[in-house]
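**Q** This one is coords-v7.csv, CSV, C-alpha atoms.
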chain,number,residue,atom,x,y,z
E,1,MET,CA,4.8,-18.9,14.7
E,2,LYS,CA,1.3,-17.5,15.5
E,3,TRP,CA,-1.7,-18.5,13.4
E,4,LEU,CA,-5.3,-17.3,13.4
E,5,ARG,CA,-8.6,-18.6,12.1
E,6,ILE,CA,-12.1,-17.1,12.1
E,7,VAL,CA,-14.4,-19.5,13.9
E,8,LYS,CA,-17.5,-17.4,13.7
E,9,THR,CA,-18.6,-14.8,11.2
E,10,PRO,CA,-21.5,-12.4,11.7
E,11,GLU,CA,-24.4,-12.7,9.3
E,12,LYS,CA,-23.9,-9.1,8.1
E,13,LEU,CA,-21.9,-6.0,8.9
E,14,SER,CA,-23.4,-2.8,10.2
E,15,GLY,CA,-22.4,0.4,11.9
E,16,PHE,CA,-19.1,2.4,12.1
E,17,VAL,CA,-15.8,0.8,11.1
E,18,ARG,CA,-12.5,2.2,12.3
E,19,LEU,CA,-9.9,2.8,9.7
E,20,GLN,CA,-6.3,3.8,10.0
E,21,ALA,CA,-5.0,7.1,8.5
E,22,SER,CA,-3.3,6.9,5.2
E,23,LYS,CA,0.3,5.7,5.5
E,24,SER,CA,1.2,7.1,2.1
E,25,ILE,CA,0.0,10.6,2.9
E,26,SER,CA,1.5,10.5,6.5
E,27,ASN,CA,4.9,9.5,5.2
E,28,ARG,CA,5.1,12.3,2.7
E,29,ALA,CA,3.9,14.8,5.4
E,30,LEU,CA,6.6,13.7,7.7
E,31,ILE,CA,9.4,14.2,5.1
E,32,ILE,CA,8.0,17.6,4.3
E,33,GLN,CA,7.8,18.5,8.0
E,34,ALA,CA,11.5,17.5,8.4
E,35,LEU,CA,12.5,19.6,5.4
E,36,CYS,CA,10.5,22.7,6.5
E,37,SER,CA,12.3,25.4,8.4
E,38,GLU,CA,9.3,25.9,10.7
E,39,LYS,CA,7.4,23.1,12.3
E,40,PHE,CA,3.7,22.5,11.7
E,41,PRO,CA,1.2,20.1,13.2
E,42,ILE,CA,0.1,16.9,11.3
E,43,HIS,CA,-3.3,15.8,12.4
E,44,ASN,CA,-4.5,12.2,12.2
E,45,LEU,CA,-1.0,10.9,11.5
E,46,SER,CA,-1.1,7.2,10.8
E,47,MET,CA,-0.1,4.8,13.6
E,48,ALA,CA,1.0,2.2,11.2
E,49,ASP,CA,4.4,0.6,12.0
E,50,ASP,CA,5.9,2.0,8.8
E,51,THR,CA,4.9,5.6,9.7
E,52,LEU,CA,6.0,5.3,13.3
E,53,LEU,CA,9.3,3.9,12.2
E,54,LEU,CA,9.8,6.8,9.7
E,55,LYS,CA,8.9,9.3,12.4
E,56,ALA,CA,11.3,7.8,14.9
E,57,ILE,CA,14.2,7.8,12.4
E,58,LEU,CA,13.6,11.4,11.4
E,59,GLU,CA,13.8,12.3,15.1
E,60,SER,CA,16.9,10.1,15.7
E,61,ASP,CA,20.6,11.1,15.9
E,62,GLU,CA,21.7,7.5,15.2
E,63,GLU,CA,24.0,6.8,12.2
E,64,GLU,CA,23.0,3.1,11.7
E,65,LEU,CA,19.3,2.9,10.9
E,66,TYR,CA,17.3,-0.3,10.4
E,67,ILE,CA,14.3,0.2,8.1
E,68,LYS,CA,12.8,-3.3,8.5
E,69,ASN,CA,10.6,-4.0,5.4
E,70,ALA,CA,9.3,-0.4,5.0
E,71,GLY,CA,9.8,0.2,1.3
E,72,THR,CA,8.5,3.8,1.3
E,73,ALA,CA,10.7,4.7,4.2
E,74,MET,CA,13.8,3.3,2.6
E,75,ARG,CA,13.3,5.2,-0.6
E,76,PHE,CA,12.2,8.5,1.0
E,77,LEU,CA,15.0,8.4,3.5
E,78,THR,CA,17.6,7.6,0.9
E,79,ALA,CA,16.8,10.9,-0.8
E,80,TYR,CA,16.3,12.8,2.5
E,81,PHE,CA,19.7,11.8,3.9
E,82,ALA,CA,21.5,12.4,0.6
E,83,GLN,CA,20.9,16.1,1.1
E,84,LYS,CA,21.4,16.2,4.9
E,85,PRO,CA,25.0,16.5,6.1
E,86,GLY,CA,26.3,13.5,8.0
E,87,ASP,CA,27.0,9.8,7.5
E,88,ILE,CA,24.1,7.4,7.6
E,89,TYR,CA,23.9,3.6,7.1
E,90,LEU,CA,20.5,2.4,6.0
E,91,SER,CA,19.7,-1.3,6.2
E,92,GLY,CA,16.5,-3.4,6.4
E,93,SER,CA,15.1,-6.9,6.4
E,94,GLN,CA,16.3,-9.7,4.1
E,95,ARG,CA,13.3,-8.9,1.8
E,96,MET,CA,14.3,-5.2,1.8
E,97,HIS,CA,17.7,-6.2,0.6
E,98,GLU,CA,16.1,-8.0,-2.4
E,99,ARG,CA,14.2,-4.9,-3.5
E,100,PRO,CA,16.2,-3.0,-6.1
E,101,ILE,CA,16.9,0.7,-5.5
E,102,SER,CA,19.4,1.5,-8.2
E,103,PRO,CA,17.1,3.8,-10.3
E,104,LEU,CA,16.9,6.1,-7.3
E,105,VAL,CA,20.5,5.9,-6.3
E,106,ASP,CA,21.7,6.5,-9.9
E,107,ALA,CA,19.4,9.6,-10.2
E,108,LEU,CA,20.6,11.0,-6.8
E,109,ARG,CA,24.3,10.5,-7.8
E,110,LYS,CA,23.7,12.7,-10.9
E,111,LEU,CA,22.6,15.4,-8.5
E,112,GLY,CA,25.9,15.0,-6.5
E,113,ALA,CA,24.8,12.5,-3.9
E,114,GLN,CA,27.4,10.3,-2.3
E,115,ILE,CA,25.8,6.9,-1.9
E,116,GLU,CA,27.6,3.5,-1.7
E,117,TYR,CA,26.2,0.0,-1.7
E,118,THR,CA,27.5,-2.0,1.3
E,119,GLY,CA,26.2,-5.3,0.2
E,120,LYS,CA,24.9,-6.5,-3.2
E,121,GLU,CA,25.2,-3.9,-6.0
E,122,ASN,CA,22.0,-2.0,-6.8
E,123,TYR,CA,20.3,-3.1,-3.5
E,124,PRO,CA,20.2,-1.9,0.1
E,125,PRO,CA,22.0,-1.7,2.5
E,126,LEU,CA,23.4,1.8,1.8
E,127,HIS,CA,26.0,4.1,3.1
E,128,ILE,CA,25.0,7.7,2.5
E,129,THR,CA,27.3,10.8,3.1
E,130,GLY,CA,24.9,13.7,3.0
E,131,THR,CA,25.9,16.8,1.1
E,132,LYS,CA,24.3,19.8,-0.7
E,133,LEU,CA,22.8,18.6,-3.9
E,134,SER,CA,22.7,20.5,-7.2
E,135,GLY,CA,19.8,20.6,-9.7
E,136,GLY,CA,19.9,20.1,-13.4
E,137,GLU,CA,18.2,17.5,-15.6
E,138,ILE,CA,18.0,13.9,-14.7
E,139,GLY,CA,16.2,10.9,-16.3
E,140,LEU,CA,14.5,8.4,-14.0
E,141,SER,CA,12.8,5.2,-14.8
E,142,ALA,CA,9.2,5.2,-13.6
E,143,SER,CA,8.4,1.7,-14.7
E,144,GLN,CA,9.3,-0.1,-11.5
E,145,SER,CA,8.0,2.3,-8.7
E,146,SER,CA,6.7,5.8,-8.5
E,147,GLN,CA,8.3,6.1,-5.1
E,148,PHE,CA,11.7,6.8,-6.7
E,149,ALA,CA,10.4,9.9,-8.4
E,150,SER,CA,8.4,10.9,-5.3
E,151,ALA,CA,11.5,10.6,-3.1
E,152,ILE,CA,13.4,13.1,-5.4
E,153,LEU,CA,10.4,15.4,-5.8
E,154,LEU,CA,10.1,15.8,-2.0
E,155,ILE,CA,13.7,17.1,-1.7
E,156,ALA,CA,13.7,19.0,-5.0
E,157,PRO,CA,12.9,22.4,-3.4
E,158,THR,CA,16.1,22.1,-1.3
E,159,LEU,CA,18.4,21.7,-4.3
E,160,SER,CA,20.8,24.5,-5.3
E,161,SER,CA,19.3,25.0,-8.7
E,162,THR,CA,16.3,24.1,-10.8
E,163,LEU,CA,15.5,20.4,-11.1
E,164,LYS,CA,14.1,18.9,-14.3
E,165,ILE,CA,13.1,15.3,-13.8
E,166,VAL,CA,12.2,13.3,-16.9
E,167,LEU,CA,10.2,10.2,-16.2
E,168,GLU,CA,11.2,7.4,-18.5
E,169,GLY,CA,9.2,4.4,-19.6
E,170,GLU,CA,5.6,3.6,-18.5
E,171,ILE,CA,4.7,5.4,-15.3
E,172,VAL,CA,3.4,2.9,-12.8
E,173,SER,CA,1.3,3.8,-9.7
E,174,ALA,CA,0.8,7.3,-11.3
E,175,PRO,CA,-1.7,8.4,-8.7
E,176,TYR,CA,1.0,8.2,-6.0
E,177,LEU,CA,3.1,10.6,-8.0
E,178,ASP,CA,0.1,12.9,-8.3
E,179,LEU,CA,-0.3,12.6,-4.6
E,180,THR,CA,3.2,13.8,-4.0
E,181,LEU,CA,2.7,16.8,-6.3
E,182,LYS,CA,-0.6,17.7,-4.6
E,183,MET,CA,1.1,17.8,-1.3
E,184,LEU,CA,4.0,19.9,-2.6
E,185,SER,CA,1.4,22.4,-3.9
E,186,TYR,CA,-0.4,22.4,-0.5
E,187,PHE,CA,2.8,23.3,1.2
E,188,GLY,CA,3.5,26.2,-1.1
E,189,ILE,CA,5.9,24.6,-3.7
E,190,LYS,CA,5.4,25.7,-7.2
E,191,TYR,CA,6.2,23.3,-10.1
E,192,SER,CA,5.4,22.9,-13.7
E,193,ARG,CA,4.8,19.7,-15.7
E,194,ASP,CA,5.1,19.1,-19.4
E,195,ARG,CA,4.0,15.5,-20.1
E,196,ASN,CA,6.7,13.3,-18.5
E,197,SER,CA,8.9,16.2,-17.4
E,198,ILE,CA,8.6,18.0,-14.0
E,199,TYR,CA,10.4,21.3,-13.1
E,200,ILE,CA,10.9,22.5,-9.6
E,201,GLU,CA,13.0,25.6,-8.7
E,202,PRO,CA,14.7,26.1,-5.3
E,203,GLN,CA,12.2,27.4,-2.8
E,204,LYS,CA,11.0,26.9,0.8
E,205,TYR,CA,8.2,24.8,2.2
E,206,LEU,CA,5.5,26.8,3.9
E,207,ALA,CA,4.5,25.6,7.4
E,208,LYS,CA,0.8,24.9,7.4
E,209,PRO,CA,-1.4,22.6,9.6
E,210,PHE,CA,-2.2,19.4,7.7
E,211,GLN,CA,-5.0,16.8,8.1
E,212,VAL,CA,-4.3,13.2,6.9
E,213,GLU,CA,-7.2,11.4,5.2
E,214,ASN,CA,-8.1,7.8,6.3
E,215,ASP,CA,-6.7,5.0,4.1
E,216,TRP,CA,-8.7,3.9,1.1
E,217,SER,CA,-6.4,0.8,0.7
E,218,SER,CA,-7.4,-0.4,4.2
E,219,ALA,CA,-11.1,0.2,3.4
E,220,SER,CA,-10.8,-2.4,0.6
E,221,TYR,CA,-10.9,-5.3,3.0
E,222,TRP,CA,-14.2,-4.1,4.5
E,223,TYR,CA,-15.6,-3.6,1.0
E,224,ALA,CA,-14.7,-7.2,0.3
E,225,LEU,CA,-16.2,-8.4,3.6
E,226,ALA,CA,-19.4,-6.5,2.9
E,227,THR,CA,-19.6,-8.2,-0.5
E,228,VAL,CA,-19.5,-11.7,0.9
E,229,LEU,CA,-21.8,-10.9,3.8
E,230,GLN,CA,-25.3,-10.1,2.4
E,231,GLU,CA,-27.3,-7.1,3.4
E,232,SER,CA,-24.2,-5.4,5.0
E,233,GLN,CA,-24.1,-1.6,5.4
E,234,ILE,CA,-21.2,0.1,7.1
E,235,ASP,CA,-19.9,3.6,7.7
E,236,PHE,CA,-16.4,5.2,7.5
E,237,HIS,CA,-15.2,8.6,8.7
E,238,ASN,CA,-12.6,10.7,6.9
E,239,LEU,CA,-12.9,9.0,3.5
E,240,PHE,CA,-13.6,11.4,0.6
E,241,GLU,CA,-14.9,11.0,-2.9
E,242,ASP,CA,-12.5,13.7,-4.1
E,243,SER,CA,-9.5,12.1,-2.4
E,244,TYR,CA,-5.8,12.6,-2.6
E,245,GLN,CA,-5.5,8.8,-2.9
E,246,GLY,CA,-5.6,6.9,-6.1
E,247,ASP,CA,-6.9,3.9,-4.3
E,248,SER,CA,-10.2,5.7,-4.0
E,249,ILE,CA,-10.9,4.1,-7.4
E,250,LEU,CA,-12.0,1.2,-5.1
E,251,GLN,CA,-15.5,2.7,-4.9
E,252,LYS,CA,-15.9,2.4,-8.7
E,253,PHE,CA,-14.4,-1.0,-9.0
E,254,MET,CA,-16.7,-2.3,-6.3
E,255,GLN,CA,-19.7,-1.4,-8.4
E,256,HIS,CA,-19.1,-4.6,-10.3
E,257,PHE,CA,-19.8,-6.5,-7.1
E,258,TRP,CA,-23.0,-4.5,-6.5
E,259,ILE,CA,-21.5,-2.4,-3.6
E,260,GLU,CA,-22.9,1.1,-3.5
E,261,THR,CA,-20.9,4.0,-2.0
E,262,THR,CA,-22.5,7.2,-0.8
E,263,PHE,CA,-20.9,10.3,0.7
E,264,GLY,CA,-22.5,12.5,3.3
E,265,SER,CA,-21.0,15.6,4.9
E,266,THR,CA,-19.0,13.6,7.4
E,267,VAL,CA,-19.7,9.9,6.6
E,268,CYS,CA,-19.0,7.5,3.8
E,269,THR,CA,-21.5,4.6,3.6
E,270,ILE,CA,-21.2,1.4,1.7
E,271,SER,CA,-24.1,-1.0,1.1
E,272,ASN,CA,-24.5,-4.5,-0.4
E,273,TYR,CA,-27.6,-3.7,-2.3
E,274,SER,CA,-28.3,-6.6,-4.6
E,275,GLU,CA,-28.3,-10.1,-3.1
E,276,ASN,CA,-29.0,-12.0,-6.3
E,277,ALA,CA,-27.2,-9.9,-8.8
E,278,LYS,CA,-25.6,-11.8,-11.7
E,279,GLN,CA,-21.9,-11.8,-11.5
E,280,THR,CA,-19.9,-11.5,-14.8
E,281,ILE,CA,-16.2,-11.7,-15.3
E,282,PHE,CA,-14.3,-8.9,-13.5
E,283,GLU,CA,-11.7,-7.3,-15.7
E,284,ALA,CA,-9.6,-4.2,-14.8
E,285,ASP,CA,-6.2,-2.6,-15.2
E,286,PHE,CA,-4.5,-2.2,-11.8
E,287,ILE,CA,-1.2,-0.7,-13.0
E,288,ASP,CA,-2.0,2.5,-11.0
E,289,TYR,CA,-3.5,0.6,-8.0
E,290,PRO,CA,-1.3,-2.4,-7.2
E,291,ASP,CA,-2.1,-2.5,-3.5
E,292,LEU,CA,-5.7,-3.3,-4.3
E,293,ILE,CA,-4.9,-6.4,-6.3
E,294,PRO,CA,-4.8,-9.0,-3.5
E,295,THR,CA,-8.1,-7.8,-2.2
E,296,PHE,CA,-9.9,-8.2,-5.5
E,297,ILE,CA,-8.3,-11.5,-6.4
E,298,THR,CA,-9.3,-13.1,-3.0
E,299,LEU,CA,-12.8,-11.5,-3.3
E,300,CYS,CA,-13.3,-13.0,-6.7
E,301,CYS,CA,-12.2,-16.4,-5.4
E,302,ALA,CA,-14.5,-16.1,-2.4
E,303,LYS,CA,-17.4,-15.4,-4.7
E,304,GLN,CA,-16.1,-17.7,-7.5
E,305,ILE,CA,-16.3,-14.8,-10.0
E,306,PRO,CA,-14.0,-15.2,-13.0
E,307,PHE,CA,-11.4,-12.5,-13.3
E,308,ASN,CA,-8.7,-11.1,-15.6
E,309,ILE,CA,-6.6,-8.5,-13.8
E,310,THR,CA,-3.8,-6.7,-15.7
E,311,GLY,CA,-1.2,-4.2,-14.6
E,312,THR,CA,0.4,-6.7,-12.2
E,313,LYS,CA,4.0,-6.4,-13.2
E,314,THR,CA,5.2,-4.4,-10.1
E,315,LEU,CA,3.9,-7.0,-7.7
E,316,LYS,CA,7.3,-8.8,-7.6
E,317,TYR,CA,8.8,-5.7,-6.0
E,318,LYS,CA,6.4,-5.5,-3.0
E,319,GLU,CA,6.8,-6.8,0.5
E,320,SER,CA,6.5,-10.3,-1.0
E,321,HIS,CA,6.4,-11.4,-4.6
E,322,ARG,CA,2.6,-11.0,-4.5
E,323,ALA,CA,1.7,-12.6,-7.8
E,324,GLU,CA,3.6,-15.8,-6.9
E,325,VAL,CA,2.1,-15.7,-3.4
E,326,LEU,CA,-1.4,-15.4,-4.7
E,327,LYS,CA,-0.9,-18.3,-7.1
E,328,THR,CA,0.8,-20.6,-4.5
E,329,GLU,CA,-1.4,-20.0,-1.6
E,330,LEU,CA,-4.8,-19.9,-3.4
E,331,ALA,CA,-3.8,-23.2,-5.0
E,332,LYS,CA,-4.2,-24.7,-1.5
E,333,LEU,CA,-7.9,-23.9,-1.7
E,334,GLY,CA,-8.3,-25.4,-5.2
E,335,PHE,CA,-8.0,-22.1,-7.2
E,336,GLU,CA,-6.0,-22.3,-10.3
E,337,ILE,CA,-4.5,-18.8,-10.9
E,338,GLU,CA,-2.8,-18.1,-14.2
E,339,ILE,CA,0.2,-15.7,-14.2
E,340,THR,CA,1.8,-13.8,-17.0
E,341,GLU,CA,4.3,-11.0,-16.7
E,342,ASN,CA,1.5,-8.4,-16.4
E,343,SER,CA,-1.7,-10.3,-15.5
E,344,LEU,CA,-3.4,-12.6,-13.1
E,345,SER,CA,-6.5,-14.5,-14.2
E,346,CYS,CA,-8.9,-17.3,-13.3
E,347,LYS,CA,-11.5,-18.0,-16.0
E,348,SER,CA,-13.4,-20.8,-14.3
E,349,TYR,CA,-13.7,-22.7,-11.0
E,350,ASN,CA,-13.6,-26.3,-10.1
E,351,GLN,CA,-16.3,-28.1,-8.1
E,352,SER,CA,-13.7,-29.2,-5.5
E,353,ILE,CA,-13.1,-25.6,-4.3
E,354,PHE,CA,-12.4,-25.2,-0.5
E,355,PRO,CA,-11.1,-28.5,0.8
E,356,GLN,CA,-12.6,-29.7,4.2
E,357,ASP,CA,-9.2,-30.2,5.8
E,358,GLU,CA,-7.4,-27.4,7.6
E,359,ILE,CA,-5.6,-25.1,5.2
E,360,TRP,CA,-2.5,-23.1,6.3
E,361,MET,CA,-2.2,-19.9,4.4
E,362,LYS,CA,1.2,-18.3,4.6
E,363,THR,CA,1.5,-14.5,4.6
E,364,TYR,CA,5.3,-14.1,3.8
E,365,ASP,CA,5.3,-11.3,6.4
E,366,ASP,CA,3.1,-9.3,4.0
E,367,HIS,CA,0.4,-7.3,5.6
E,368,ARG,CA,-1.8,-7.1,2.5
E,369,MET,CA,-1.8,-10.9,2.1
E,370,ALA,CA,-2.9,-11.4,5.8
E,371,MET,CA,-5.8,-9.0,5.4
E,372,SER,CA,-6.8,-10.4,2.1
E,373,TRP,CA,-6.8,-13.9,3.5
E,374,SER,CA,-9.4,-12.7,6.1
E,375,VAL,CA,-12.0,-12.5,3.3
E,376,LEU,CA,-11.6,-16.2,2.5
E,377,ALA,CA,-11.3,-17.1,6.2
E,378,SER,CA,-14.5,-15.4,7.0
E,379,GLN,CA,-16.3,-17.9,4.8
E,380,HIS,CA,-14.4,-21.1,5.8
E,381,SER,CA,-13.3,-21.7,9.4
E,382,ASN,CA,-10.8,-24.3,8.3
E,383,ILE,CA,-8.4,-21.6,7.0
E,384,TRP,CA,-5.5,-20.6,9.2
E,385,ILE,CA,-3.7,-17.3,8.6
E,386,GLU,CA,0.0,-17.2,9.4
E,387,ASN,CA,1.6,-14.3,11.4
E,388,PRO,CA,-1.6,-12.2,11.6
E,389,ASP,CA,0.3,-9.5,13.5
E,390,CYS,CA,2.1,-8.4,10.3
E,391,VAL,CA,-1.0,-6.2,9.6
E,392,GLU,CA,0.5,-3.7,12.0
E,393,LYS,CA,2.6,-2.5,9.1
E,394,SER,CA,-0.3,-0.5,7.7
E,395,TYR,CA,-3.5,-1.2,9.7
E,396,PRO,CA,-2.8,-1.5,13.4
E,397,GLY,CA,-5.8,-3.0,15.2
E,398,PHE,CA,-7.3,-4.6,12.1
E,399,TRP,CA,-8.2,-7.8,14.0
E,400,SER,CA,-9.5,-5.9,16.9
E,401,VAL,CA,-11.9,-4.0,14.6
E,402,MET,CA,-13.0,-7.3,13.2
E,403,GLN,CA,-13.8,-8.4,16.8
E,404,GLU,CA,-15.8,-5.3,17.3
E,405,LYS,CA,-17.8,-6.4,14.3
E,406,GLU,CA,-18.5,-9.8,16.0
E,407,PHE,CA,-16.0,-11.9,14.3
E,408,ILE,CA,-14.7,-14.6,16.7
E,409,PHE,CA,-11.1,-15.8,16.4
E,410,GLU,CA,-9.0,-18.7,17.6
E,411,THR,CA,-5.2,-18.3,17.7
E,412,LYS,CA,-2.4,-20.8,18.4
E,413,GLU,CA,1.4,-20.9,18.3
E,414,ILE,CA,3.1,-23.6,16.2
Go ahead and render the structure in this file as C-alpha cells.

**A**
Amino acid sequence: MKWLRIVKTPEKLSGFVRLQASKSISNRALIIQALCSEKFPIHNLSMADDTLLLKAILESDEEELYIKNAGTAMRFLTAYFAQKPGDIYLSGSQRMHERPISPLVDALRKLGAQIEYTGKENYPPLHITGTKLSGGEIGLSASQSSQFASAILLIAPTLSSTLKIVLEGEIVSAPYLDLTLKMLSYFGIKYSRDRNSIYIEPQKYLAKPFQVENDWSSASYWYALATVLQESQIDFHNLFEDSYQGDSILQKFMQHFWIETTFGSTVCTISNYSENAKQTIFEADFIDYPDLIPTFITLCCAKQIPFNITGTKTLKYKESHRAEVLKTELAKLGFEIEITENSLSCKSYNQSIFPQDEIWMKTYDDHRMAMSWSVLASQHSNIWIENPDCVEKSYPGFWSVMQEKEFIFETKEI
C-alpha cells in the first residue's frame, strides 16, 4: 500500500489553483447527451475517474459492466439501462455492494422496469433487462439519497406517459435535485413542481452546447488550507457565485473562519484576511451538503475550533461510513469526536493533541477522506495518508497541484 506525508508546507498560498470540473454536473450532462437524439458538445468535462468511467460505459457495447465504487454512476446507469433495450449486468466494488439501491429499483419497477438482484436483496449487483417504461405516479423515498430521484428525472422525458414523482420523507442533498432540474430546463425539458411532487410529460431533449462549471466541493480543500496558512490569497477560474452547485454554500460557511470570497468577471479570489480573529464554535446544518462535512471537521480540528455539525445521517451511505471514519481516524490524533445519528461534534480539545509519533491515517479508499487529511498533514509532518491516489475519483492531479503550490511530499510503499 502507498502512503504519503507532507514534509514541507509553504508559509502561505498565492496565485492560481487548478480545480477539476464538477463531477456532478458532468455525469448528468453525459446521461442527457446519451438520451438526446442529436449529439452536442460538452465543454470542460470532468476528468475524474467516476466521470471517465461513466462516459466509457455509455459508449460501450459490453453486457457486463463494472462500476467500481462510483455511486452516482451506479444509480444513473440503473435508470438509464432500465429504459434502453438489452440485457445489462451492473456490479461494483465490495463497498458498492453494501450501498442500498432498493428505493430506486422499487420505483423503476413501478414504471415497468425489469431489474433483478443477483446478490444480496436490495443491493447491487443488478441484472437489468431494458424495456420501454410507462409513466404514472410513483412515490420515492428522498431521505437516503437525492440521486435516486435524479436518476428517474433524467429518464422521465423518455417515458411513454406523464410521470408524477412524489418525494417522500425528508429530502436530503436537495441542491443536487435542484441541479438536475436546472439541467433538464437548460436542455429544453418542461416540468412543474408542487411542493414534493414533480411532473414531467414525454418530450425530447434539445441538443445544445454545454459548459461544465469547476467543482466547488474540490475548492473546499483549498479554502481549508488557506485557513491554516496565514495571509493566503488564491484564485480560481470557472467558479461562480450564482452556481448550479449547492456546495457553493462553502463561500458562506467559510466566513466563520475569516475567509473572504470575491468574484470578478473571470476569477474567484479567496483571502485569509484576519490573522488574530477570535474563533467561536462552528455550528451548521449540512443535510444538503454532505460532501463538505469531512473538510469542515478536519479544518476545525486543525484550528482546534469547537464544532457541532448536524445533518450527517447520510454519511453512512457514502464511499466509506464517513462519520465512523472521522471518529476513528481523528482519535489517533487525540481528537474526541462525538457521534449521534445525525450529528458530529467536538466541544473542547485536550492539551495532548497531535502526538509526536508517526500517525497512519487510513482513507478506506475514500477520496474525500484523503483530501481532508491533507489539511492536518500540512500542519504536522508525522501524519501519513494511506492510498493517496484514491483522490483520482473526483480530483485528478490534486497532489500535483499541491506540489505546484510548493508542498513537498514523501511517499513509500508498505

**Q** For each of E:Ile88, E:Ile165, E:Val17, E:Leu179, take the minimum atom-to-atom distance to E:Glu64, counting only C-alpha atoms, then give the residue where this is smallest.

**A**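 Using only C-alpha atoms, the shortest distance to E:Glu64 belongs to E:Ile88.
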
**Q** What's the 12 Å shell around stretch 266-275 of chain E, counting all atoms listed in the file, without same-chain residues fewer than 2 positions away, as a ChimeraX atom specification?

**A** /E:12-19,214,216,219-220,222-242,248,250-252,254-264,277-279

**Q** Which of these, E:Leu184, E:Ile101, E:Ala79, E:Leu333, has the shortest distance to E:Gln356 once you count only C-alpha atoms?

**A** E:Leu333

**Q** Just the number, please: distance in Å from atom CA of E:Tyr289 to atom CA of E:Leu108, one decimal.

**A** 26.3 Å

**Q** Can you tell me, as number ranges by chain, which residues sit within 10 Å of (0.6, 3.0, -20.0) in the file's frame, using all atoms listed in the file?

**A** E: 143, 169-172, 174, 287-288, 311

**Q** Can you check which parts of stretch 355-405 of chain E lie within 12 Å of stretch 325-331 of chain E? Per residue, the shortest pair of atoms and distance in Å to one decimal, counting all atoms listed in the file, sorted by chain and number, as a Markdown table.

**A**
| residue | atom | partner | partner_atom | distance |
| --- | --- | --- | --- | --- |
| E:Pro355 | CA | E:Ala331 | CA | 10.7 |
| E:Ile359 | CA | E:Glu329 | CA | 9.5 |
| E:Trp360 | CA | E:Glu329 | CA | 8.6 |
| E:Met361 | CA | E:Glu329 | CA | 6.1 |
| E:Lys362 | CA | E:Glu329 | CA | 6.9 |
| E:Thr363 | CA | E:Val325 | CA | 8.1 |
| E:Tyr364 | CA | E:Val325 | CA | 8.0 |
| E:Asp365 | CA | E:Val325 | CA | 11.2 |
| E:Asp366 | CA | E:Val325 | CA | 9.8 |
| E:Arg368 | CA | E:Leu326 | CA | 11.0 |
| E:Met369 | CA | E:Leu326 | CA | 8.2 |
| E:Ala370 | CA | E:Val325 | CA | 11.3 |
| E:Ser372 | CA | E:Leu326 | CA | 10.0 |
| E:Trp373 | CA | E:Leu330 | CA | 9.4 |
| E:Leu376 | CA | E:Leu330 | CA | 9.7 |
| E:Ala377 | CA | E:Leu330 | CA | 11.9 |
| E:Ile383 | CA | E:Leu330 | CA | 11.1 |
| E:Trp384 | CA | E:Glu329 | CA | 11.6 |
| E:Ile385 | CA | E:Glu329 | CA | 10.8 |
| E:Glu386 | CA | E:Glu329 | CA | 11.4 |

**Q** Within 12 Å of E:Ser173, counting all atoms listed in the file, which residues show up once you throw out same-chain ones fewer than 3 positions away? Write them as an NGL selection string, please.

**A** :E and (142-150 or 170 or 176-180 or 245-247 or 285-292 or 311-315)

**Q** Considering only C-alpha atoms, can you say which of E:Cys390, E:Leu299, E:Ala107, E:Ile155 comes closest to E:Leu140?

**A** E:Ala107

**Q** If you measure from atom CA of E:His127 to atom CA of E:Met74, what distance in Å do you get, rounded to one decimal?

**A**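 Between atom CA of E:His127 and atom CA of E:Met74 the gap is 12.2 Å.
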
**Q** With all atoms listed in the file as the atoms that count, which of E:Trp3, E:Met47, E:Ala113, E:Phe253 lies nearest to E:Lys412?

**A**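 With all atoms listed in the file as the atom set, the closest residue is E:Trp3.
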
**Q** What does the distance from atom CA of E:Leu30 to atom CA of E:Lys55 come to in Å, to one decimal?

**A** 6.8 Å

**Q** Skipping near chain neighbours, those fewer than 4 positions away, what residues fall within 6 Å of stretch 20-24 of chain E using all atoms listed in the file, listed as a PyMOL selection string?

**A** chain E and resi 46+213-215+395

**Q** Using all atoms listed in the file, can you tell me which of E:Ile414, E:Ile31, E:Ile293, E:Leu53 comes closest to E:Leu77?

**A**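 Answer, going by the shortest atom-to-atom distance: E:Ile31.
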
**Q** List the spatial neighbours of E:Asp87 as a CSV table (one decimal) with C-alpha atoms, keeping the file's coordinate frame - criterion: any atom at most 7 Å away, only C-alpha atoms, same-chain residues fewer than 6 positions off excluded.

**A**
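So the final result, stored in out-v2.csv, reads:
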chain,number,residue,atom,x,y,z
E,63,GLU,CA,24.0,6.8,12.2
E,128,ILE,CA,25.0,7.7,2.5
E,129,THR,CA,27.3,10.8,3.1
E,130,GLY,CA,24.9,13.7,3.0

**Q** Name the residues in contact with stretch 398-409 of chain E at a cut-off of 6 Å, using all atoms listed in the file, excluding same-chain residues fewer than 5 positions from it; report them as an NGL selection string.

**A** :E and (5-10)

**Q** With distances taken over all atoms listed in the file, which of E:Glu11, E:Glu168, E:Asp389, E:Glu121 is nearest to E:Ile198?

**A**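 Checking each of E:Glu11, E:Glu168, E:Asp389, E:Glu121 against E:Ile198, counting all atoms listed in the file, the winner is E:Glu168.
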
**Q** Write stretch 111-116 of chain E as a compact mmCIF listing (two decimals), keeping the file's coordinate frame, completed to N, CA and C atoms.

**A**
# COMPACT_ATOMS: atom_id res chain seq x y z
N LEU E 111 22.80 14.13 -9.16
CA LEU E 111 22.60 15.40 -8.50
C LEU E 111 23.74 15.71 -7.50
N GLY E 112 24.71 14.80 -7.42
CA GLY E 112 25.90 15.00 -6.50
C GLY E 112 25.85 14.18 -5.28
N ALA E 113 24.90 13.27 -5.12
CA ALA E 113 24.80 12.50 -3.90
C ALA E 113 25.96 11.49 -3.79
N GLN E 114 26.38 11.24 -2.55
CA GLN E 114 27.40 10.30 -2.30
C GLN E 114 26.79 9.06 -1.58
N ILE E 115 26.50 8.04 -2.37
CA ILE E 115 25.80 6.90 -1.90
C ILE E 115 26.59 5.62 -2.33
N GLU E 116 26.85 4.72 -1.40
CA GLU E 116 27.60 3.50 -1.70
C GLU E 116 26.71 2.28 -1.30
